[in-house]
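**Q** Provided herewith is a single structure, encoded as structure tokens, for subsequent inquiry.
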4 protein chains.
Amino acid sequence: MAGSKTGTIFQVTTWGESHGTGLGVTVDGCPAGLSLDASDIQLYLDRRKPGQSRYATPRKEDDAAELLSGVFEGKTTGTPISVAVYNKNQQSKDYSEIASYYRPGHADFTFDEKYGFRDYRGGGRSSGRETVGRVAAGAIAAKLLTQLGVTFTTFTRSIGPVRVSDDRFCAEEIAKNPLCMPDAEAAEAAAAYLDACMADQDSSGGVVECIIHGVPSGIGDPVFDKLDAALAKAVMSIGAVKGFEIGDGFAAAKATGKGNNDPFCRTKDGKPAKMSNHAGGILGGISDGSDIILRAAVKPTPSISAAQQTVRRDGEEIEISIRGRHDPVIVPRAVVVVEAMAAITVADAMLVNMSARLDAVKRFYGSDPLSGGRI
Amino acid sequence: MAGSKTGTIFQVTTWGESHGTGLGVTVDGCPAGLSLDASDIQLYLDRRKPGQSRYATPRKEDDAAELLSGVFEGKTTGTPISVAVYNKNQQSKDYSEIASYYRPGHADFTFDEKYGFRDYRGGGRSSGRETVGRVAAGAIAAKLLTQLGVTFTTFTRSIGPVRVSDDRFCAEEIAKNPLCMPDAEAAEAAAAYLDACMADQDSSGGVVECIIHGVPSGIGDPVFDKLDAALAKAVMSIGAVKGFEIGDGFAAAKATGKGNNDPFCRTKDGKPAKMSNHAGGILGGISDGSDIILRAAVKPTPSISAAQQTVRRDGEEIEISIRGRHDPVIVPRAVVVVEAMAAITVADAMLVNMSARLDAVKRFYGSDPLSGGRI
Amino acid sequence: MAGSKTGTIFQVTTWGESHGTGLGVTVDGCPAGLSLDASDIQLYLDRRKPGQSRYATPRKEDDAAELLSGVFEGKTTGTPISVAVYNKNQQSKDYSEIASYYRPGHADFTFDEKYGFRDYRGGGRSSGRETVGRVAAGAIAAKLLTQLGVTFTTFTRSIGPVRVSDDRFCAEEIAKNPLCMPDAEAAEAAAAYLDACMADQDSSGGVVECIIHGVPSGIGDPVFDKLDAALAKAVMSIGAVKGFEIGDGFAAAKATGKGNNDPFCRTKDGKPAKMSNHAGGILGGISDGSDIILRAAVKPTPSISAAQQTVRRDGEEIEISIRGRHDPVIVPRAVVVVEAMAAITVADAMLVNMSARLDAVKRFYGSDPLSGGRI
Amino acid sequence: MAGSKTGTIFQVTTWGESHGTGLGVTVDGCPAGLSLDASDIQLYLDRRKPGQSRYATPRKEDDAAELLSGVFEGKTTGTPISVAVYNKNQQSKDYSEIASYYRPGHADFTFDEKYGFRDYRGGGRSSGRETVGRVAAGAIAAKLLTQLGVTFTTFTRSIGPVRVSDDRFCAEEIAKNPLCMPDAEAAEAAAAYLDACMADQDSSGGVVECIIHGVPSGIGDPVFDKLDAALAKAVMSIGAVKGFEIGDGFAAAKATGKGNNDPFCRTKDGKPAKMSNHAGGILGGISDGSDIILRAAVKPTPSISAAQQTVRRDGEEIEISIRGRHDPVIVPRAVVVVEAMAAITVADAMLVNMSARLDAVKRFYGSDPLSGGRI
């Protein structure tokens with residue numbers, strides 16, 4: 001089938017391969033009137049760009065976003081926004097060898113099984129570069145959400161055994177170290193750990209955490225389209241993600257009801273509010289007005305230079321050692337991808353939610369909503 | 001919006017509330033020619049029925065499946081299969097009190113926020129009884145999958161601190177204890193733990209694990225509709241689930257590439273196969289032919305009889321103690337629900353996959369597929 | 001695949017066969033807070049009931065709507081509304097003969113070709129009774145639309161050669177004659193024509209027209225989801241409909257630009273408005289604030305008692321004469337079905353449209369929309 | 001909302017405006033292994049290019065298709081195929097005047113009403129150039145269908161009062177005259193009629209007919225997703241189309257059952273077949289193996305140079321005369337667009353149909369379908 005499209009109202013469709021002409025995305029259903037230019041998207045793309053640090057691939061990926069449609073005189077028109085990023089730095093011969101065998105931990109084998117063959121250049125569609133389209137769409141979603149009071153804090157919670165504890169959390173630190181950790185000390189420890197991994201021709205996994213601030217209560221739909229379920233699909237669809245949790249997540253499985261339930265109190269302005277947030281901002285699949293907190297478990301970079309056993313397409317068993325430029329850890333570059341997927345999901349859910357109540361629908365259509373609104 | 005529909009080809013739409021007339025589901029897109037009667041569905045519904053054990057609510061829920069459409073002379077016709085389960089044992093006055101306040105850990109508050117009011121009888125649509133429709137649809141999906149060689153082993157991996165280790169795993173044991181644990185000793189320890197919880201007016205969380213056997217390689221779609229992403233959404237959409245993982249899941253975040261990659265070898269019949277299964281049967285979102293292994297973190301039952309702080313709808317802060325009959329742990333009854341959601345997801349993905357390759361499409365349409373097939 | 005589901009936000013899924021247990025529909029995505037009870041649905045179902053006239057089948061079809069979910073204390077809750085109509089008057093033996101051959105003009109042959117066999121009792125899923133679910137959903141959509149100022153005038157424009165001309169149109173007349181024609185004289189002429197058809201063991205086609213009043217401008221989406229395209233699909237999906245047109249429709253193909261363009265003028269309140277309505281209320285797929293005018297061409301009842309040539313399933317050529325009770329014309333009973341499909345389509349489009357503009361989205365989320373709205 | 005996406009398995013998403021950077025389409029879900037290069041798409045784009053005749057705009061539109069993704073070593077990979085056509089010949093100042101008023105028969109007014117403003121350059125997204133994306137996708141669908149034995153004959157059935165009668169139909173003639181009429185004499189008469197229209201500063205409507213050959217029986221789904229309903233939506237979604245019919249269409253509304261029913265006979269190879277084709281190849285929404293015959297009513301070009309009354313955005317009533325280069329008739333250039341939409345619809349329906357029967361699904365998964373298929 002397809003698989004490259006997500007969203008009900010805010011619809012995102014991506015395309016492109018690692019070593020083809022380019023990658024891109026079409027966002028259809030973004031409300032008209034949002035100020036947008038290529039620099040908004042570039043800002044996000046730059047966050048997924050390999051850094052100068054030694055923990056990221058030295059590949060030069062100057063991904064430049066081109067805005068091809070859907071914006072007129074600086075504002076979105078309500079029609080599809082097409083963004084393209086042309087590939088500039090492909091070195092196809094680096095990858096030609098992998099055409100003949102299956103890299104452990106990669107999708108080479110399964111793409112062959114599904115489609116009969118594959119674009120093996122840099123992993124083709126299954127490459128991490130596929131996330132370029134996600135990030136471009138996420139930039140648009142995030143800009144839209146900013147207008148609605150929703151913002152994000154996304155960071156590396158852990159790398160291998162090094163985890164940032166809540167009591168040392170410092171949001172300002174995230175942008176200051178190449179590992180996107182909200183704790184300088186942990187970042188140093190993680191760096192040392194990664195050095196050891198690299199010396200050992202190995203790689204490391206880690207955890208990305210995303211906190212979504214400002215989502216009003218009432219977002220998400222019951223049963224199959226719960227907001228946490230939609231977030232789970234969005235985040236689990238990122239290449240290397242193997243686990244997802246909301247709020248206390250797997251820790252809730254070890255907890256008791258007394259410890260896991262969030263009591264309600266009355267705020268100063270007389271409204272109900274939770275006194276704690278074990279739930280991670282979602283109850284019954286619907287946002288409760290607290291921060292939404294989610295985490296993604298990211299597996300170690302599968303491309304390692306250590307020797308590995310595998311088979312060729314013709315069945316011959318061989319030993320390989322993957323050369324070339326590979327990040328020893330995916331997590332820091334996955335941070336912006338997780339945020340992008342969360343933004344796309346929340347933006348869609350908020351647009352979808354507008355028709356949940358008859359009184360709101362009547363207010364919309366009753367008070368001549370379509371007049372006076374000329375921008 | 002909606003939210004009660006899932007699936008692309010194998011489409012499932014559920015309806016119903018805890019204390020309304022009944023609950024049900026429509027399955028559209030099930031292939032024609034599958035032998036099906038109400039007993040196939042009943043078998044699954046009985047698995048979610050509260051047992052005789054003291055760890056499940058003493059409510060009598062004799063859920064009887066009625067097959068309303070889509071089956072003719074014992075076989076599915078290809079048109080919508082409608083299943084209804086009528087509520088018989090509602091005691092609405094048990095629940096009338098909760099109309100006025102918000103139960104911690106429940107969706108009372110968020111439904112009010114989204115819709116302006118709620119059907120408060122037994123939780124209405126947000127009740128655990130909503131899963132009746134899922135389980136009925138799952139029974140149909142599972143029967144279909146059996147015809148395609150796909151089967152399930154689903155069980156309680158842990159309750160609170162009590163976890164079944166792999167070396168003590170015994171599949172036959174699952175059906176023998178009311179906690180659905182594959183280890184009699186662990187089941188006893190968990191029972192003791194639950195006794196302590198109940199004595200303390202408390203409840204416990206746990207982990208459900210589902211192993212899907214026999215899924216051929218090639219199932220699932222790249223990018224947003226990865227098979228693991230679809231499974232994540234399906235399973236996270238179950239009421240009390242707070243976390244999801246595939247294969248090594250969160251443990252992969254602590255692993256290194258050497259330990260997490262699954263090497264390939266050559267099987268006796270000359271085909272490639274993984275030598276281990278850290279990936280949990282899915283690479284790049286596409287099944288690799290190994291068992292698919294997933295786990296769901298289930299939170300503790302939010303309804304506990306211990307005193308809890310909360311607010312009334314009018315804002316008054318109160319202390320409540322939830323009376324009535326409630327399971328001290330959701331996990332054992334969630335086992336069949338997780339399996340149902342996994343079955344629905346895999347069935348859909350397998351039907352969708354049939355058009356992935358042109359050669360298969362040509363074979364289908366070339367060899368006069370629609371003749372000779374009269375059943 | 002599926003095929004029994006339509007709608008993006010206002011989602012409708014039908015089920016059921018002519019001679020099975022019953023038929024029904026689930027409507028998911030109806031805004032919360034709409035007053036609704038079974039009588040609202042019954043009103044519409046009664047309009048599709050065979051009348052007492054001699055131009056409709058003498059079958060007694062006392063279709064009683066049962067409301068199974070989604071309504072609490074008289075109002076929709078925002079969760080799925082399930083409606084069932086149980087079959088009461090099936091005489092399966094009337095139809096058993098048709099199991100063996102293909103009735104001309106019916107779907108017997110194509111269902112066999114697609115699915116390998118069919119529920120032949122009364123046409124099964126392809127029976128006109130399938131529209132029971134559509135009409136029930138349409139009743140809910142229409143009730144919702146009434147709250148938003150949208151109403152319908154639907155009627156028989158022509159039967160065979162007898163066509164109601166615009167200068168004789170009288171809306172009050174529609175409900176007064178069994179043929180639903182807005183002109184008593186035409187109704188008499190059509191009745192005489194039908195008498196002649198029946199005497200000749202024949203049947204007649206006709207045209208249904210639906211005028212949708214009060215749709216605000218701006219409804220419908222560009223490109224593939226144009227409002228007229230969505231209406232076309234909805235109406236063409238009704239069993240016997242072979243043609244669809246909007247505004248001047250096929251007459252526009254013979255017209256010139258001067259005659260077909262609708263000039264704009266300024267209304268008393270200073271707004272732009274069309275001076276004529278050749279467009280039928282839709283420009284570029286988006287409503288322009290005028291009445292939306294559509295027509296459906298309905299083929300003659302395929303079940304006729306005259307001798308017809310056909311084949312048996314085993315290939316033998318035979319001559320058949322269809323006995324039993326059949327309307328000599330489908331049109332009058334199709335009137336409410338066309339209206340139902342139009343209502344479902346417009347309701348969905350209006351809910352979807354709410355997020356078209358950023359200023360409206362900001363107003364919705366900015367002014368604390370979710371507070372104070374308790375119903 | 002969105003609106004620029006169509007299809008369930010064969011998913012098409014278009015983007016672009018008349019005078020922006022370009023236009024394009026992403027096709028996701030095309031089976032892997034189809035030979036495809038840019039020239040396949042160019043062939044179709046060239047068919048919508050304005051011709052040299054005096055009945056088409058003298059604008060030079062050298063639309064060059066660029067294939068950006070989804071093809072590797074000349075074959076589709078199963079992942080999204082992205083096609084872009086960059087605009088080269090925009091003369092934005094030609095159109096700047098229309099920013100201030102509403103052209104009769106165009107979508108200027110309704111886009112303003114929906115979105116608050118519009119990209120007025122050449123009609124922006126509502127321009128006929130929007131069909132570039134449709135035609136590019138249609139070229140891919142048609143190439144896929146050729147592999148499955150499905151072909152198209154699409155032509156101008158009528159222009160204004162000049163209609164090609166069946167007894168003069170000559171398929172070879174279609175490509176020989178600039179009006180795409182299958183009758184040289186009619187083409188001459190139509191040309192004379194268009195000359196008169198142009199002399200009168202006027203334009204003409206007409207009818208496009210599309211015959212789809214080789215669709216096997218069994219394609220299409222019951223109820224809402226009937227094949228004719230899907231075709232109706234696809235074709236009605238083309239800008240200027242105001243009516244759609246299948247088979248005898250509106251003529252069926254005047255017919256009787258005896259004349260409209262297609263009797264079945266037995267073919268030489270013992271299979272059932274219709275003896276006539278009033279149904280247009282579809283019964284009960286499912287293809288019956290005959291040619292599928294559809295027609296689209298196309299309105300006259302709304303841009304005419306004759307004086308027209310309209311209003312400015314600020315409400316002032318004015319008289320305008322649209323200058324610039326405009327086709328006096330849309331029909332000949334719409335021919336390939338109708339064919340493209342039909343191809344997209346049939347391709348999707350055929351891929352979707354593959355899972356209709358359990359026996360076919362079992363055959364697919366039972367006989368090791370994923371082995372041996374390496375391309």
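Each chain in the structure tokens gets a letter, A, B, ..., in the order shown, and its residues are numbered from 1; ligands are numbered from 1 in order too.
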What residues in chain D have any atom no more than 7 Å from chain A when counting only C-alpha atoms, and can you write them as a ChimeraX atom specification?
**A** /D:1-2,4,9,11,15-17,20-22,28-29,32,68-70,72,77-78,80,82,113,115-119,370,373-375
**Q** Using DSSP on the backbone, list every residue of range 156-346 of chain C that comes out as strand (DSSP E or B), and give them as a ChimeraX atom specification.
**A** /C:156-159,162-163,204,206-213,241-246,256,264-266,272-274,282-283,286-287,292-298,307-312,317-321,329
**Q** What lies within 12 Å of Arg47 in chain B using only C-alpha atoms, ignoring chain neighbours under 6 positions off, as a list in words?
**A** Asp40, Ile41, Glu61, Asp62, Asp63, Thr131, Val132, Val135, Ala136, Gly138, Ala139, Thr154, Phe155, Ile174, Ala175, Pro178, Leu179, Cys180, Pro332, Arg333, Ala334, Val335, Val336, Val337, Val338, Glu339 and Ala340 of chain B
**Q** Write the residues of the selection above to a file with N, CA and C atoms, as a PDB file, in the first residue's frame.
**A**
ATOM      1  N   ASP B  40     -17.792 -18.421  17.419  1.00  0.00           N
ATOM      2  CA  ASP B  40     -16.404 -17.977  17.237  1.00  0.00           C
ATOM      3  C   ASP B  40     -16.147 -16.696  18.023  1.00  0.00           C
ATOM      4  N   ILE B  41     -17.140 -15.851  18.022  1.00  0.00           N
ATOM      5  CA  ILE B  41     -17.006 -14.570  18.720  1.00  0.00           C
ATOM      6  C   ILE B  41     -17.168 -14.776  20.214  1.00  0.00           C
ATOM      7  N   GLU B  61     -21.281 -10.845  34.006  1.00  0.00           N
ATOM      8  CA  GLU B  61     -21.405 -10.253  32.676  1.00  0.00           C
ATOM      9  C   GLU B  61     -21.509 -11.361  31.657  1.00  0.00           C
ATOM     10  N   ASP B  62     -22.731 -11.841  31.475  1.00  0.00           N
ATOM     11  CA  ASP B  62     -22.893 -12.895  30.485  1.00  0.00           C
ATOM     12  C   ASP B  62     -23.078 -12.278  29.118  1.00  0.00           C
ATOM     13  N   ASP B  63     -21.986 -11.861  28.544  1.00  0.00           N
ATOM     14  CA  ASP B  63     -22.053 -11.180  27.259  1.00  0.00           C
ATOM     15  C   ASP B  63     -22.306 -12.182  26.149  1.00  0.00           C
ATOM     16  N   THR B 131     -14.471  -2.357  25.384  1.00  0.00           N
ATOM     17  CA  THR B 131     -13.628  -3.346  24.694  1.00  0.00           C
ATOM     18  C   THR B 131     -14.411  -4.546  24.168  1.00  0.00           C
ATOM     19  N   VAL B 132     -15.676  -4.654  24.523  1.00  0.00           N
ATOM     20  CA  VAL B 132     -16.498  -5.744  23.985  1.00  0.00           C
ATOM     21  C   VAL B 132     -16.464  -5.725  22.458  1.00  0.00           C
ATOM     22  N   VAL B 135     -13.074  -6.871  21.117  1.00  0.00           N
ATOM     23  CA  VAL B 135     -12.840  -8.309  21.248  1.00  0.00           C
ATOM     24  C   VAL B 135     -13.654  -9.084  20.217  1.00  0.00           C
ATOM     25  N   ALA B 136     -14.886  -8.627  19.962  1.00  0.00           N
ATOM     26  CA  ALA B 136     -15.704  -9.302  18.943  1.00  0.00           C
ATOM     27  C   ALA B 136     -15.031  -9.193  17.578  1.00  0.00           C
ATOM     28  N   GLY B 138     -11.864  -8.663  17.072  1.00  0.00           N
ATOM     29  CA  GLY B 138     -10.622  -9.423  17.160  1.00  0.00           C
ATOM     30  C   GLY B 138     -10.846 -10.906  16.941  1.00  0.00           C
ATOM     31  N   ALA B 139     -11.973 -11.399  17.399  1.00  0.00           N
ATOM     32  CA  ALA B 139     -12.284 -12.820  17.198  1.00  0.00           C
ATOM     33  C   ALA B 139     -12.393 -13.134  15.713  1.00  0.00           C
ATOM     34  N   THR B 154      -0.694 -14.879  24.048  1.00  0.00           N
ATOM     35  CA  THR B 154      -0.808 -13.613  24.773  1.00  0.00           C
ATOM     36  C   THR B 154      -0.981 -13.929  26.253  1.00  0.00           C
ATOM     37  N   PHE B 155      -0.299 -13.162  27.087  1.00  0.00           N
ATOM     38  CA  PHE B 155      -0.274 -13.541  28.502  1.00  0.00           C
ATOM     39  C   PHE B 155       0.138 -12.353  29.370  1.00  0.00           C
ATOM     40  N   ILE B 174      -0.740 -20.663  30.909  1.00  0.00           N
ATOM     41  CA  ILE B 174      -1.487 -19.405  30.772  1.00  0.00           C
ATOM     42  C   ILE B 174      -2.971 -19.573  31.073  1.00  0.00           C
ATOM     43  N   ALA B 175      -3.565 -20.622  30.510  1.00  0.00           N
ATOM     44  CA  ALA B 175      -5.011 -20.813  30.663  1.00  0.00           C
ATOM     45  C   ALA B 175      -5.369 -21.438  32.004  1.00  0.00           C
ATOM     46  N   PRO B 178      -5.994 -17.876  36.885  1.00  0.00           N
ATOM     47  CA  PRO B 178      -6.883 -16.752  36.541  1.00  0.00           C
ATOM     48  C   PRO B 178      -6.121 -15.492  36.174  1.00  0.00           C
ATOM     49  N   LEU B 179      -4.830 -15.444  36.434  1.00  0.00           N
ATOM     50  CA  LEU B 179      -4.055 -14.254  36.116  1.00  0.00           C
ATOM     51  C   LEU B 179      -3.398 -14.347  34.745  1.00  0.00           C
ATOM     52  N   CYS B 180      -3.606 -15.448  34.035  1.00  0.00           N
ATOM     53  CA  CYS B 180      -3.057 -15.647  32.678  1.00  0.00           C
ATOM     54  C   CYS B 180      -1.544 -15.539  32.648  1.00  0.00           C
ATOM     55  N   PRO B 332      -5.167  -9.202  33.626  1.00  0.00           N
ATOM     56  CA  PRO B 332      -5.629 -10.489  33.083  1.00  0.00           C
ATOM     57  C   PRO B 332      -6.780 -10.343  32.093  1.00  0.00           C
ATOM     58  N   ARG B 333      -7.691  -9.391  32.351  1.00  0.00           N
ATOM     59  CA  ARG B 333      -8.786  -9.200  31.405  1.00  0.00           C
ATOM     60  C   ARG B 333      -8.339  -8.430  30.171  1.00  0.00           C
ATOM     61  N   ALA B 334      -7.226  -7.709  30.294  1.00  0.00           N
ATOM     62  CA  ALA B 334      -6.715  -6.963  29.124  1.00  0.00           C
ATOM     63  C   ALA B 334      -5.996  -7.879  28.139  1.00  0.00           C
ATOM     64  N   VAL B 335      -5.633  -9.084  28.593  1.00  0.00           N
ATOM     65  CA  VAL B 335      -4.865  -9.994  27.728  1.00  0.00           C
ATOM     66  C   VAL B 335      -5.582 -10.219  26.395  1.00  0.00           C
ATOM     67  N   VAL B 336      -6.862 -10.567  26.470  1.00  0.00           N
ATOM     68  CA  VAL B 336      -7.586 -10.863  25.225  1.00  0.00           C
ATOM     69  C   VAL B 336      -7.820  -9.593  24.409  1.00  0.00           C
ATOM     70  N   VAL B 337      -7.870  -8.459  25.086  1.00  0.00           N
ATOM     71  CA  VAL B 337      -8.081  -7.197  24.357  1.00  0.00           C
ATOM     72  C   VAL B 337      -6.827  -6.845  23.548  1.00  0.00           C
ATOM     73  N   VAL B 338      -5.669  -7.027  24.169  1.00  0.00           N
ATOM     74  CA  VAL B 338      -4.414  -6.791  23.438  1.00  0.00           C
ATOM     75  C   VAL B 338      -4.326  -7.739  22.240  1.00  0.00           C
ATOM     76  N   GLU B 339      -4.674  -8.988  22.464  1.00  0.00           N
ATOM     77  CA  GLU B 339      -4.631  -9.951  21.364  1.00  0.00           C
ATOM     78  C   GLU B 339      -5.599  -9.563  20.254  1.00  0.00           C
ATOM     79  N   ALA B 340      -6.780  -9.103  20.650  1.00  0.00           N
ATOM     80  CA  ALA B 340      -7.778  -8.688  19.656  1.00  0.00           C
ATOM     81  C   ALA B 340      -7.254  -7.530  18.822  1.00  0.00           C
TER      82      ALA B 340
END
**Q** Just asking: which residues within range 128-312 of chain A are helix (DSSP H, G or I) according to DSSP, as an MDAnalysis selection string?
**A** chainID A and resid 128:147 166:168 171:176 184:199 223:225 227:236 249:254 257:260
**Q** Could you name the residues that touch range 275-277 of chain C at 10 Å or less, counting only C-alpha atoms, but leaving out those on the same chain fewer than 4 positions away, as JSON, numbers by chain?
**A** {"C": [247, 248, 260, 261, 262, 263, 264, 265, 266, 267, 281, 282, 288, 290, 291, 292, 293], "D": [309, 310]}
**Q** A:Gly122, A:Val223, A:Lys271, A:Leu43: which is nearest Val235 in chain B, counting only C-alpha atoms?
**A**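 Of the candidates, the smallest distance to Val235 in chain B is held by A:Val223.
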**Q** Which polymer residues have any atom within 9 Å of an atom of Glu173 in chain D, counting only C-alpha atoms, with same-chain residues fewer than 5 positions away left out, as a ChimeraX atom specification?
**A** /D:180-184
**Q** Can you tell me which residues surround Lys143 in chain C at a distance of at most 9 Å, considering only C-alpha atoms, apart from same-chain residues fewer than 2 positions away, and format the answer as a PyMOL selection string?
**A** chain C and resi 34-36+40+138-141+145-147
**Q** Grab the residues selected above and save them as an mmCIF file, in the first residue's frame with all heavy atoms.
**A**
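Once everything was written out, this is again.cif:
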data_model
loop_
_atom_site.group_PDB
_atom_site.id
_atom_site.type_symbol
_atom_site.label_atom_id
_atom_site.label_comp_id
_atom_site.auth_asym_id
_atom_site.auth_seq_id
_atom_site.Cartn_x
_atom_site.Cartn_y
_atom_site.Cartn_z
ATOM 1 N N LEU C 34 -26.763 17.375 20.605
ATOM 2 C CA LEU C 34 -27.918 17.442 19.705
ATOM 3 C C LEU C 34 -29.078 16.644 20.302
ATOM 4 O O LEU C 34 -28.912 15.472 20.633
ATOM 5 C CB LEU C 34 -27.538 16.864 18.344
ATOM 6 C CG LEU C 34 -28.640 16.812 17.273
ATOM 7 C CD1 LEU C 34 -29.003 18.214 16.788
ATOM 8 C CD2 LEU C 34 -28.202 15.946 16.082
ATOM 9 N N SER C 35 -30.223 17.272 20.428
ATOM 10 C CA SER C 35 -31.409 16.543 20.892
ATOM 11 C C SER C 35 -31.763 15.479 19.870
ATOM 12 O O SER C 35 -31.893 15.788 18.683
ATOM 13 C CB SER C 35 -32.601 17.496 21.027
ATOM 14 O OG SER C 35 -32.370 18.429 22.030
ATOM 15 N N LEU C 36 -31.913 14.264 20.321
ATOM 16 C CA LEU C 36 -32.196 13.185 19.369
ATOM 17 C C LEU C 36 -32.915 12.056 20.066
ATOM 18 O O LEU C 36 -32.520 11.631 21.157
ATOM 19 C CB LEU C 36 -30.879 12.654 18.760
ATOM 20 C CG LEU C 36 -31.034 11.679 17.592
ATOM 21 C CD1 LEU C 36 -31.389 12.427 16.307
ATOM 22 C CD2 LEU C 36 -29.743 10.885 17.372
ATOM 23 N N ASP C 40 -37.045 10.890 15.731
ATOM 24 C CA ASP C 40 -36.416 11.697 14.674
ATOM 25 C C ASP C 40 -36.022 10.823 13.488
ATOM 26 O O ASP C 40 -36.111 11.235 12.330
ATOM 27 C CB ASP C 40 -35.145 12.386 15.210
ATOM 28 C CG ASP C 40 -35.452 13.433 16.265
ATOM 29 O OD1 ASP C 40 -36.313 14.293 16.006
ATOM 30 O OD2 ASP C 40 -34.845 13.379 17.350
ATOM 31 N N GLY C 138 -29.114 9.733 7.596
ATOM 32 C CA GLY C 138 -29.534 11.001 7.010
ATOM 33 C C GLY C 138 -30.448 11.774 7.932
ATOM 34 O O GLY C 138 -30.403 13.016 7.998
ATOM 35 N N ALA C 139 -31.283 11.061 8.668
ATOM 36 C CA ALA C 139 -32.187 11.726 9.614
ATOM 37 C C ALA C 139 -31.388 12.460 10.682
ATOM 38 O O ALA C 139 -31.729 13.582 11.087
ATOM 39 C CB ALA C 139 -33.113 10.688 10.257
ATOM 40 N N ILE C 140 -30.303 11.827 11.134
ATOM 41 C CA ILE C 140 -29.457 12.463 12.153
ATOM 42 C C ILE C 140 -28.731 13.666 11.555
ATOM 43 O O ILE C 140 -28.684 14.746 12.147
ATOM 44 C CB ILE C 140 -28.458 11.429 12.731
ATOM 45 C CG1 ILE C 140 -29.228 10.285 13.402
ATOM 46 C CG2 ILE C 140 -27.489 12.090 13.710
ATOM 47 C CD1 ILE C 140 -28.369 9.075 13.775
ATOM 48 N N ALA C 141 -28.210 13.496 10.362
ATOM 49 C CA ALA C 141 -27.520 14.603 9.688
ATOM 50 C C ALA C 141 -28.472 15.770 9.467
ATOM 51 O O ALA C 141 -28.113 16.932 9.684
ATOM 52 C CB ALA C 141 -26.930 14.119 8.364
ATOM 53 N N LEU C 145 -28.265 19.540 10.761
ATOM 54 C CA LEU C 145 -28.229 20.664 9.814
ATOM 55 C C LEU C 145 -29.329 21.686 10.105
ATOM 56 O O LEU C 145 -29.127 22.891 9.908
ATOM 57 C CB LEU C 145 -28.343 20.140 8.379
ATOM 58 C CG LEU C 145 -27.101 19.418 7.857
ATOM 59 C CD1 LEU C 145 -27.367 18.789 6.504
ATOM 60 C CD2 LEU C 145 -25.906 20.377 7.776
ATOM 61 N N THR C 146 -30.468 21.206 10.558
ATOM 62 C CA THR C 146 -31.542 22.137 10.915
ATOM 63 C C THR C 146 -31.038 23.156 11.934
ATOM 64 O O THR C 146 -31.373 24.342 11.871
ATOM 65 C CB THR C 146 -32.742 21.365 11.515
ATOM 66 O OG1 THR C 146 -33.110 20.348 10.597
ATOM 67 C CG2 THR C 146 -33.920 22.280 11.761
ATOM 68 N N GLN C 147 -30.214 22.681 12.854
ATOM 69 C CA GLN C 147 -29.648 23.564 13.879
ATOM 70 C C GLN C 147 -28.710 24.599 13.268
ATOM 71 O O GLN C 147 -28.397 25.613 13.883
ATOM 72 C CB GLN C 147 -28.859 22.741 14.902
ATOM 73 C CG GLN C 147 -29.689 21.744 15.673
ATOM 74 C CD GLN C 147 -30.529 22.444 16.713
ATOM 75 O OE1 GLN C 147 -30.032 23.241 17.488
ATOM 76 N NE2 GLN C 147 -31.831 22.200 16.707
#
**Q** Using only C-alpha atoms, find the one residue out of C:Asn353, C:Gly133, C:Ala64, C:Pro104 that sits nearest to His278 in chain D.
**A**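 Nearest to His278 in chain D: C:Pro104.
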**Q** CA of Asp225 in chain C and CA of Thr345 in chain C are how many Å apart?
**A**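 According to the coordinates, CA of Asp225 in chain C and CA of Thr345 in chain C are separated by 10.9 Å.
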**Q** Which residues are close to Ala306 in chain A, i.e. within 8 Å by only C-alpha atoms, leaving aside same-chain residues fewer than 3 positions away? Reply as a ChimeraX atom specification.
**A** /A:200-202,321-322 /B:258
